[in-house]
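> Take a look at this one; I'll ask things after.
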Amino acid sequence: MTQDQKLEKTKDIVQSITFNESAVDVVLFTGCGTSFYLAIAAARYYQAVTGEFAIAVPASELFLHTETYILKNKKYLIIGISRSGTTSEIIMSLEHLKGDEKIRTMAVTCNGGTPMAKLTDELIALNDISEKSVVMTQSFSNMLYALQLYAAKISRRTDMMEQLEKIPALVKSALGNGKQLLQVTEDATKKRFIFLGSGAYNGLAKEATLKLKEMTQTECESYSNLEFRHGPISIVDHETVVILFTQNETKEYDQALIKDIQKLGGFVVVIGIVSKELQADLILNLSNQVDDLNRLVEAVPYFQLIAYQSAIFKGCNPDKPRNLTQVVNL
Ligand code: F1P
């Protein structure tokens with residue numbers, strides 16, 4: 001609930017760093033779990049803002065299937081993301097790629113003194129973020145925000161930077177909007193949760209399922225919005241809640257999809273800028289002060305609150321998921 005204050009600090013940290021701007025062919029974002037889902041959102045944002053090719057790869061894949069992702073004749077910037085900076089797969093990937101002169105590396109972490117930070121050429125260290133919970137919440141929003149600021153900064157997109165500067169205040173008000181979600185999180189008849197998001201929001205949809213799984217052990221799924229029609233829609237019934245991130249480019253298609261889901265008995269929650277024509281069971285309107293790409297972090301508290309409120313309602317400890325530790329090591 002205090003993540004807006006940390007976002008202010010994150011903004012200052014990124015703005016104070018002088019980054020290496022030498023050209024590469026590919027920017028590859030990597031991490032595990034929450035940090036991998038963050039990589040998906042960050043890569044899509046980075047490519048849209050800088051115009052440079054960006055991809056996201058799970059850290060385990062990077063050392064297990066290196067040739068599947070790394071081409072020998074191309075230059076890479078590998079951006080490793082990890083709250084702890086000690087997760088095995090991220091360390092193994094960075095160690096595996098170290099010494100290749102066509103690869104430069106950067107770490108984004110909440111602990112600047114860890115092995116990952118020491119392995120990379122550049123570092124964004126958000127040392128103020130010290131989450132006690134096993135589950136990543138403000139570390140996710142802050143590391144994603146840091147990478148958005150980074151992309152806007154190195155591409156000199158002052159238009160993007162001006163919008164990003166509004167995010168801490170917008171996140172503060174989003175954090176105060178949790179009450180509206182209680183009709184979903186305190187309704188025991190709602191048993192199945194699906195999160196839909198496309199483009200950069202696909203990373204958010206994936207992270208939303210992870211939050212709900214970790215905090216409540218509920219089985220849930222995520223898809224790119226229109227992919228949902230190609231099979232998964234067959235599971236929708238009266239016990240299903242679909243949480244859909246809408247954007248300017250998708251709104252027309254989203255409206256039709258929402259109607260189809262409702263016809264099958266599903267309850268639809270929409271998060272985003274919603275036009276008058278768009279109808280859903282619950283609408284969480286984001287601010288129109290910034291565009292879809294820049295308001296990614298403003299959308300984060302809503303799905304974190306869905307998971308948190310559901311955990312409290314079900315009597316689960318949201319900070320200590322079953323079968324999970326703060327750092328996962330092989
Ligand atoms: C990532 C991660 C999280 C998970 C749990 C354990 O760690 O696997 O996705 O929710 O907190 O750690 P990190 O590499 O970002 O520290």
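Order determines the names: the first chain of the structure tokens is A, the second B, and so forth; residues in each chain are numbered 1 upward, and ligands are numbered 1 upward as they are shown.
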Would you write out, as CSV, a table of all residues in range 154-266 of chain A that have an atom no more than 6 Å from an atom of range 3-10 of chain A, listing for each the closest atom pair and the distance in Å to one decimal, considering only C-alpha atoms and ordering rows by chain and rising residue number?


residue,atom,partner,partner_atom,distance
A:Pro168,CA,A:Asp4,CA,4.7
A:Val171,CA,A:Asp4,CA,5.8
A:Lys172,CA,A:Asp4,CA,5.3

> Include N, CA and C atoms and write out the residues we just selected as a compact mmCIF listing (two decimals), in the first residue's frame.


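This is the output file again.txt:
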# COMPACT_ATOMS: atom_id res chain seq x y z
N PRO A 168 3.37 7.80 -10.08
CA PRO A 168 3.26 7.58 -8.63
C PRO A 168 1.92 8.09 -8.06
N VAL A 171 -0.90 5.74 -9.12
CA VAL A 171 -0.86 4.48 -8.38
C VAL A 171 -1.44 4.68 -6.98
N LYS A 172 -1.16 5.84 -6.40
CA LYS A 172 -1.69 6.12 -5.07
C LYS A 172 -3.23 6.05 -5.10

> How would you write, as a PyMOL selection string, the set of residues in range 42-234 of chain A that DSSP gives as helix (DSSP H, G or I)?

chain A and resi 42-50+59-64+66-69+88-97+115-119+138-154+158-164+167-175+178-185+200-216+225-229+232-234

> Go ahead and save the residues from that selection, with C-alpha atoms, as a tab-separated table (two decimals), in the first residue's frame.


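selection_2.tsv was written with the following content:
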chain	number	residue	atom	x	y	z
A	42	ALA	CA	9.10	-4.36	-20.20
A	43	ALA	CA	10.20	-5.81	-23.56
A	44	ARG	CA	6.99	-4.82	-25.31
A	45	TYR	CA	7.18	-1.33	-23.78
A	46	TYR	CA	10.86	-0.99	-24.70
A	47	GLN	CA	10.34	-1.91	-28.34
A	48	ALA	CA	7.33	0.39	-28.75
A	49	VAL	CA	9.12	3.35	-27.17
A	50	THR	CA	12.67	3.00	-28.50
A	59	ALA	CA	16.23	-17.10	-17.46
A	60	SER	CA	16.19	-20.91	-17.38
A	61	GLU	CA	15.71	-21.04	-21.18
A	62	LEU	CA	18.59	-18.67	-21.69
A	63	PHE	CA	21.19	-21.09	-20.35
A	64	LEU	CA	19.43	-24.32	-21.34
A	66	THR	CA	21.12	-20.48	-25.58
A	67	GLU	CA	21.32	-21.02	-29.35
A	68	THR	CA	17.50	-20.80	-29.56
A	69	TYR	CA	17.63	-17.20	-28.38
A	88	SER	CA	19.81	-19.63	-9.51
A	89	GLU	CA	18.66	-19.42	-13.11
A	90	ILE	CA	19.39	-15.73	-13.53
A	91	ILE	CA	22.89	-16.16	-12.08
A	92	MET	CA	23.52	-19.24	-14.24
A	93	SER	CA	22.40	-17.40	-17.39
A	94	LEU	CA	24.57	-14.36	-16.74
A	95	GLU	CA	27.58	-16.51	-15.85
A	96	HIS	CA	27.00	-18.58	-18.97
A	97	LEU	CA	27.00	-15.51	-21.24
A	115	PRO	CA	25.88	-11.79	-7.13
A	116	MET	CA	23.66	-10.75	-10.05
A	117	ALA	CA	24.55	-7.08	-9.65
A	118	LYS	CA	28.25	-7.94	-9.59
A	119	LEU	CA	28.00	-9.99	-12.78
A	138	GLN	CA	5.91	-3.36	-4.99
A	139	SER	CA	9.12	-4.91	-6.33
A	140	PHE	CA	7.16	-5.75	-9.49
A	141	SER	CA	5.67	-2.29	-9.98
A	142	ASN	CA	8.94	-0.53	-9.14
A	143	MET	CA	11.21	-2.64	-11.35
A	144	LEU	CA	8.72	-2.34	-14.23
A	145	TYR	CA	8.52	1.42	-13.71
A	146	ALA	CA	12.33	1.63	-13.62
A	147	LEU	CA	12.55	-0.14	-16.97
A	148	GLN	CA	9.93	2.15	-18.51
A	149	LEU	CA	11.84	5.20	-17.29
A	150	TYR	CA	15.05	3.67	-18.65
A	151	ALA	CA	13.49	3.14	-22.11
A	152	ALA	CA	12.10	6.69	-22.21
A	153	LYS	CA	15.42	8.12	-21.00
A	154	ILE	CA	17.79	6.40	-23.41
A	158	THR	CA	10.46	13.37	-23.31
A	159	ASP	CA	6.79	12.88	-24.24
A	160	MET	CA	6.87	9.43	-22.60
A	161	MET	CA	8.92	10.66	-19.64
A	162	GLU	CA	6.39	13.42	-18.90
A	163	GLN	CA	3.62	10.85	-18.78
A	164	LEU	CA	5.62	8.41	-16.65
A	167	ILE	CA	2.48	7.45	-12.40
A	168	PRO	CA	3.26	7.58	-8.63
A	169	ALA	CA	0.21	9.81	-7.97
A	170	LEU	CA	-2.00	7.63	-10.18
A	171	VAL	CA	-0.86	4.48	-8.38
A	172	LYS	CA	-1.69	6.12	-5.07
A	173	SER	CA	-5.29	6.63	-6.11
A	174	ALA	CA	-5.51	3.14	-7.65
A	175	LEU	CA	-4.44	1.67	-4.29
A	178	GLY	CA	-9.89	-1.68	-3.78
A	179	LYS	CA	-13.43	-1.57	-2.34
A	180	GLN	CA	-15.03	-1.91	-5.76
A	181	LEU	CA	-13.33	-5.28	-6.17
A	182	LEU	CA	-14.96	-6.79	-3.08
A	183	GLN	CA	-18.01	-7.88	-5.12
A	184	VAL	CA	-15.63	-10.25	-6.91
A	185	THR	CA	-13.19	-11.14	-4.14
A	200	ALA	CA	2.64	-5.18	-22.87
A	201	TYR	CA	-0.51	-5.97	-20.86
A	202	ASN	CA	-0.01	-9.68	-21.55
A	203	GLY	CA	2.85	-9.58	-19.03
A	204	LEU	CA	0.47	-8.02	-16.52
A	205	ALA	CA	-2.21	-10.67	-17.18
A	206	LYS	CA	0.37	-13.41	-16.54
A	207	GLU	CA	1.59	-11.73	-13.37
A	208	ALA	CA	-2.02	-11.34	-12.19
A	209	THR	CA	-2.54	-15.12	-12.37
A	210	LEU	CA	0.68	-15.69	-10.45
A	211	LYS	CA	-0.45	-13.32	-7.67
A	212	LEU	CA	-3.78	-15.10	-7.31
A	213	LYS	CA	-2.15	-18.55	-7.44
A	214	GLU	CA	0.52	-17.68	-4.89
A	215	MET	CA	-1.75	-15.86	-2.44
A	216	THR	CA	-4.83	-18.13	-2.67
A	225	ASN	CA	-7.42	-11.06	-25.28
A	226	LEU	CA	-8.53	-12.49	-28.63
A	227	GLU	CA	-6.70	-15.79	-28.12
A	228	PHE	CA	-9.31	-16.53	-25.48
A	229	ARG	CA	-11.93	-17.27	-28.13
A	232	PRO	CA	-10.25	-21.49	-23.67
A	233	ILE	CA	-13.65	-19.74	-23.81
A	234	SER	CA	-15.24	-23.19	-23.55

> Can you pull out every residue with an atom within 7 Å of ligand 1? Use only C-alpha atoms and all ligand atoms and format it as number ranges by chain.

A: 31-35, 81-87, 90, 134-136, 324-328

> DSSP on the backbone, strand (DSSP E) only: what residues of range 14-154 of chain A does that give? Format it as a list of chain:residue names.

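Restricting range 14-154 of chain A to strand (DSSP E) produces A:Val26, A:Val27, A:Leu28, A:Phe29, A:Thr30, A:Gly31, A:Ala54, A:Ile55, A:Ala56, A:Val57, A:Pro58, A:Tyr76, A:Leu77, A:Ile78, A:Ile79, A:Gly80, A:Ile81, A:Ser82, A:Ile103, A:Arg104, A:Thr105, A:Met106, A:Ala107, A:Val108, A:Thr109, A:Glu122, A:Leu123, A:Ile124, A:Ala125.
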
> Got a sec: who's within 7 Å of Val270 in chain A, counting only C-alpha atoms, leaving out chain neighbours fewer than 5 positions off, as an MDAnalysis selection string?

chainID A and resid 243:246 280 282:284

> Quick one: write out the picked residues with N, CA and C atoms as a CSV table (one decimal), in the first residue's frame?


chain,number,residue,atom,x,y,z
A,243,ILE,N,-11.1,-11.1,-16.1
A,243,ILE,CA,-10.6,-9.7,-15.8
A,243,ILE,C,-9.8,-9.3,-17.1
A,244,LEU,N,-10.3,-8.3,-17.7
A,244,LEU,CA,-9.7,-8.0,-19.1
A,244,LEU,C,-9.1,-6.6,-19.0
A,245,PHE,N,-7.8,-6.5,-19.5
A,245,PHE,CA,-7.2,-5.2,-19.6
A,245,PHE,C,-7.5,-4.7,-21.0
A,246,THR,N,-8.1,-3.6,-21.1
A,246,THR,CA,-8.5,-3.0,-22.4
A,246,THR,C,-7.6,-1.9,-22.8
A,280,ALA,N,-19.6,-3.7,-19.1
A,280,ALA,CA,-19.1,-4.9,-18.4
A,280,ALA,C,-19.8,-5.0,-17.1
A,282,LEU,N,-18.2,-5.0,-14.1
A,282,LEU,CA,-17.4,-4.1,-13.2
A,282,LEU,C,-16.4,-3.4,-14.1
A,283,ILE,N,-16.4,-2.0,-14.0
A,283,ILE,CA,-15.4,-1.3,-14.8
A,283,ILE,C,-14.5,-0.5,-13.8
A,284,LEU,N,-13.2,-0.7,-14.0
A,284,LEU,CA,-12.2,0.0,-13.2
A,284,LEU,C,-11.5,1.0,-14.2

> Can you measure CA of Ala39 in chain A to CA of Ile312 in chain A for me? One decimal in Å is fine.

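If I compute the distance from CA of Ala39 in chain A to CA of Ile312 in chain A, I get 28.7 Å.
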
> Do a neighbour search on Asn248 in chain A at 9 Å with only C-alpha atoms, toss out local chain neighbours closer than 3 positions, and write the hits as a PyMOL selection string.

chain A and resi 251-252+272-274+291-292

> Restricting it to N, CA and C atoms, dump the selection as a short mmCIF file (atom, residue, chain, number, x, y, z; two decimals), in the first residue's frame.


data_model
loop_
_atom_site.label_atom_id
_atom_site.label_comp_id
_atom_site.auth_asym_id
_atom_site.auth_seq_id
_atom_site.Cartn_x
_atom_site.Cartn_y
_atom_site.Cartn_z
N LYS A 251 -10.16 -1.97 -27.95
CA LYS A 251 -11.47 -1.75 -27.30
C LYS A 251 -12.67 -2.27 -28.10
N GLU A 252 -12.62 -2.08 -29.42
CA GLU A 252 -13.74 -2.53 -30.27
C GLU A 252 -13.90 -4.06 -30.19
N GLY A 272 -9.01 -0.31 -17.48
CA GLY A 272 -8.46 0.52 -18.57
C GLY A 272 -9.30 1.75 -18.80
N ILE A 273 -9.04 2.42 -19.91
CA ILE A 273 -9.86 3.58 -20.27
C ILE A 273 -11.06 3.04 -21.02
N VAL A 274 -12.21 3.28 -20.44
CA VAL A 274 -13.41 2.64 -20.96
C VAL A 274 -14.32 3.67 -21.62
N ASP A 291 -1.17 7.65 -21.75
CA ASP A 291 -1.68 6.68 -22.73
C ASP A 291 -1.50 5.24 -22.22
N ASP A 292 -2.06 4.31 -23.00
CA ASP A 292 -2.11 2.90 -22.55
C ASP A 292 -0.75 2.35 -22.14
#

> Under the rule that only C-alpha atoms are counted, which of A:Phe193, A:Ser16, A:Gln289, A:Ile40 is the nearest residue to Val269 in chain A?

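Of A:Phe193, A:Ser16, A:Gln289, A:Ile40, the one nearest Val269 in chain A, counting only C-alpha atoms, is A:Phe193.
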
> Taking 2 positions as the minimum chain separation for residues in the same chain, which residues sit within 12 Å of Asn73 in chain A when counting only C-alpha atoms? Answer as a VMD selection string.

chain A and resid 24 to 26 67 70 to 71 75 to 76 100 to 103

> Rounded to one decimal, what separation in Å do you get between CA of Thr114 in chain A and CA of Gly80 in chain A?

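Between CA of Thr114 in chain A and CA of Gly80 in chain A the gap is 12.7 Å.
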
> Rank nothing, just name the residue among A:Asp281, A:Leu293, A:Thr240, A:Pro321 nearest to Lys259 in chain A, using only C-alpha atoms.

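Under the stated criterion, the closest residue is A:Asp281.
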
> Using only C-alpha atoms, can you tell me which of A:Val297, A:Cys316, A:Ile194, A:Val14 comes closest to Ile261 in chain A?

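Looking at the shortest contact to Ile261 in chain A, the residue is A:Ile194.
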